[in-house]
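> One structure is given below, represented as structure tokens, and several questions about it will come after.
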Amino acid sequence: MRNFAGMLCAAVVIALLAGPALAQIEKQPPMTPEQQAEMEAYMKAGTPGPAHQTLASSAGSYDLKIKSWHDAGGPAVEDTGTAKRSMSLDGRVLVEELSSSMMGTPFTGHGMMGYDNVSGRYWSTWNDSMSTGLMVTDGTCDAQGKSCTFTGTWNDAVKKGPVKARMITRWTTPTTQIFEMYAPGKDGKEMKMMEITYLKK
């Protein structure tokens with residue numbers, strides 16, 4: 001009986017303390033039409049759509065076949081690796097964690113890819129264990145999300161400045177994706193620098 005009385009007293013005290021706070025909430029004026037429009041714009045911009053669902057379809061684990069070129073027309077250096085892709089931020093961003101070797105050295109990379117509802121363009125970022133910088137690119141994909149083209153820059157360690165790059169990705173089968181990267185060679189002309197075949201497990 002004493003416990004019940006104590007609980008009843010506590011409930012009364014909480015109600016008395018909460019009363020002014022609830023009254024303040026009720027006194028807040030409703031949003032103006034302009035504020036309502038702004039709220040709706042932000043909600044629309046932040047809501048995942050079909051493009052994000054397409055990104056989510058590539059989540060999973062992959063085996064990699066990697067080819068890289070140091071000189072235009074030269075032989076390719078071949079490596080293998082693995083990658084894992086998963087969706088983050090409640091289905092808004094595709095995150096990739098890559099592990100392989102590069103020129104005989106262990107190599108890890110971290111990438112993110114998303115679709116900006118405001119700009120109507122895809123974007124991606126990349127950083128890895130061979131750099132302390134960040135590559136930022138954006139681009140477009142076809143309606144099915146099977147083929148994408150991105151352009152962007154990263155700071156080159158040798159040239160000590162930004163270098164432009166072009167990336168192409170395409171799904172050749174439901175479980176095979178090809179990634180190609182092009183950038184200026186030693187002569188300044190664009191050359192194919194890397195090709196990665198993603199084989200979904």
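Here's how to read the names in the structure tokens: chain A, B, ... by the order shown, residue numbers from 1 in each chain, ligand numbers from 1 in the order shown.
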List every residue of range 64-118 of chain A that DSSP, applied to the backbone, labels as strand (DSSP E or B), and write the result as a VMD selection string.
chain A and resid 64 to 68 77 to 88 93 to 102 105 to 116
> Near range 97-103 of chain A, counting only C-alpha atoms, which residues have an atom at most 8 Å away, once you skip same-chain residues fewer than 4 positions from it, shown as a compact mmCIF listing (two decimals) with N, CA and C atoms, in the first residue's frame?

# COMPACT_ATOMS: atom_id res chain seq x y z
N VAL A 77 50.11 -5.20 -64.78
CA VAL A 77 50.45 -5.88 -63.53
C VAL A 77 49.14 -6.43 -62.96
N ASP A 79 46.82 -8.44 -60.06
CA ASP A 79 46.67 -8.76 -58.64
C ASP A 79 45.26 -9.31 -58.41
N THR A 80 45.05 -9.82 -57.22
CA THR A 80 43.72 -10.29 -56.82
C THR A 80 43.35 -9.62 -55.50
N GLY A 81 42.06 -9.69 -55.16
CA GLY A 81 41.62 -9.10 -53.91
C GLY A 81 40.19 -9.46 -53.61
N THR A 82 39.65 -8.83 -52.58
CA THR A 82 38.26 -9.02 -52.19
C THR A 82 37.65 -7.66 -51.86
N ALA A 83 36.35 -7.60 -51.92
CA ALA A 83 35.64 -6.36 -51.55
C ALA A 83 34.32 -6.73 -50.92
N LYS A 84 33.88 -5.88 -50.02
CA LYS A 84 32.57 -6.04 -49.40
C LYS A 84 31.83 -4.72 -49.52
N ARG A 85 30.60 -4.77 -50.01
CA ARG A 85 29.76 -3.59 -50.15
C ARG A 85 28.53 -3.71 -49.27
N PHE A 107 47.30 -3.72 -49.74
CA PHE A 107 46.57 -2.52 -50.12
C PHE A 107 45.13 -2.61 -49.62
N THR A 108 44.65 -1.56 -48.98
CA THR A 108 43.26 -1.50 -48.55
C THR A 108 42.65 -0.17 -49.01
N GLY A 109 41.37 -0.20 -49.31
CA GLY A 109 40.69 1.00 -49.78
C GLY A 109 39.29 1.11 -49.22
N HIS A 110 38.81 2.33 -49.15
CA HIS A 110 37.47 2.61 -48.62
C HIS A 110 36.77 3.57 -49.58
N GLY A 111 35.61 3.18 -50.08
CA GLY A 111 34.87 4.03 -51.01
C GLY A 111 33.43 4.20 -50.59
> Measuring between only C-alpha atoms, which one of A:Gly49, A:Gly139, A:Gly145, A:Pro33 shows the shortest distance to Arg166 in chain A?
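Closest candidate: A:Gly139.
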> Which polymer residues have any atom within 9 Å of an atom of Ala56 in chain A, counting only C-alpha atoms, with same-chain residues fewer than 5 positions away left out, as a PDB file with N, CA and C atoms, in the first residue's frame?

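What ended up in around32.pdb:
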ATOM      1  N   ALA A  51      17.107   5.247 -57.326  1.00  0.00           N
ATOM      2  CA  ALA A  51      18.559   5.209 -57.538  1.00  0.00           C
ATOM      3  C   ALA A  51      19.269   4.567 -56.356  1.00  0.00           C
ATOM      4  N   ARG A  85      30.598  -4.773 -50.012  1.00  0.00           N
ATOM      5  CA  ARG A  85      29.759  -3.587 -50.154  1.00  0.00           C
ATOM      6  C   ARG A  85      28.531  -3.707 -49.274  1.00  0.00           C
ATOM      7  N   SER A  86      28.188  -2.600 -48.615  1.00  0.00           N
ATOM      8  CA  SER A  86      26.999  -2.589 -47.757  1.00  0.00           C
ATOM      9  C   SER A  86      26.392  -1.191 -47.776  1.00  0.00           C
ATOM     10  N   MET A  87      25.114  -1.120 -47.463  1.00  0.00           N
ATOM     11  CA  MET A  87      24.430   0.167 -47.428  1.00  0.00           C
ATOM     12  C   MET A  87      24.525   0.778 -46.036  1.00  0.00           C
ATOM     13  N   GLY A  91      20.097   3.190 -45.975  1.00  0.00           N
ATOM     14  CA  GLY A  91      19.854   2.976 -47.393  1.00  0.00           C
ATOM     15  C   GLY A  91      20.195   4.144 -48.293  1.00  0.00           C
ATOM     16  N   ARG A  92      20.997   5.076 -47.797  1.00  0.00           N
ATOM     17  CA  ARG A  92      21.327   6.265 -48.595  1.00  0.00           C
ATOM     18  C   ARG A  92      22.698   6.192 -49.273  1.00  0.00           C
ATOM     19  N   VAL A  93      23.644   5.452 -48.701  1.00  0.00           N
ATOM     20  CA  VAL A  93      25.014   5.448 -49.203  1.00  0.00           C
ATOM     21  C   VAL A  93      25.545   4.019 -49.276  1.00  0.00           C
ATOM     22  N   LEU A  94      26.179   3.700 -50.419  1.00  0.00           N
ATOM     23  CA  LEU A  94      26.828   2.395 -50.599  1.00  0.00           C
ATOM     24  C   LEU A  94      28.287   2.520 -50.171  1.00  0.00           C
TER      25      LEU A  94
END
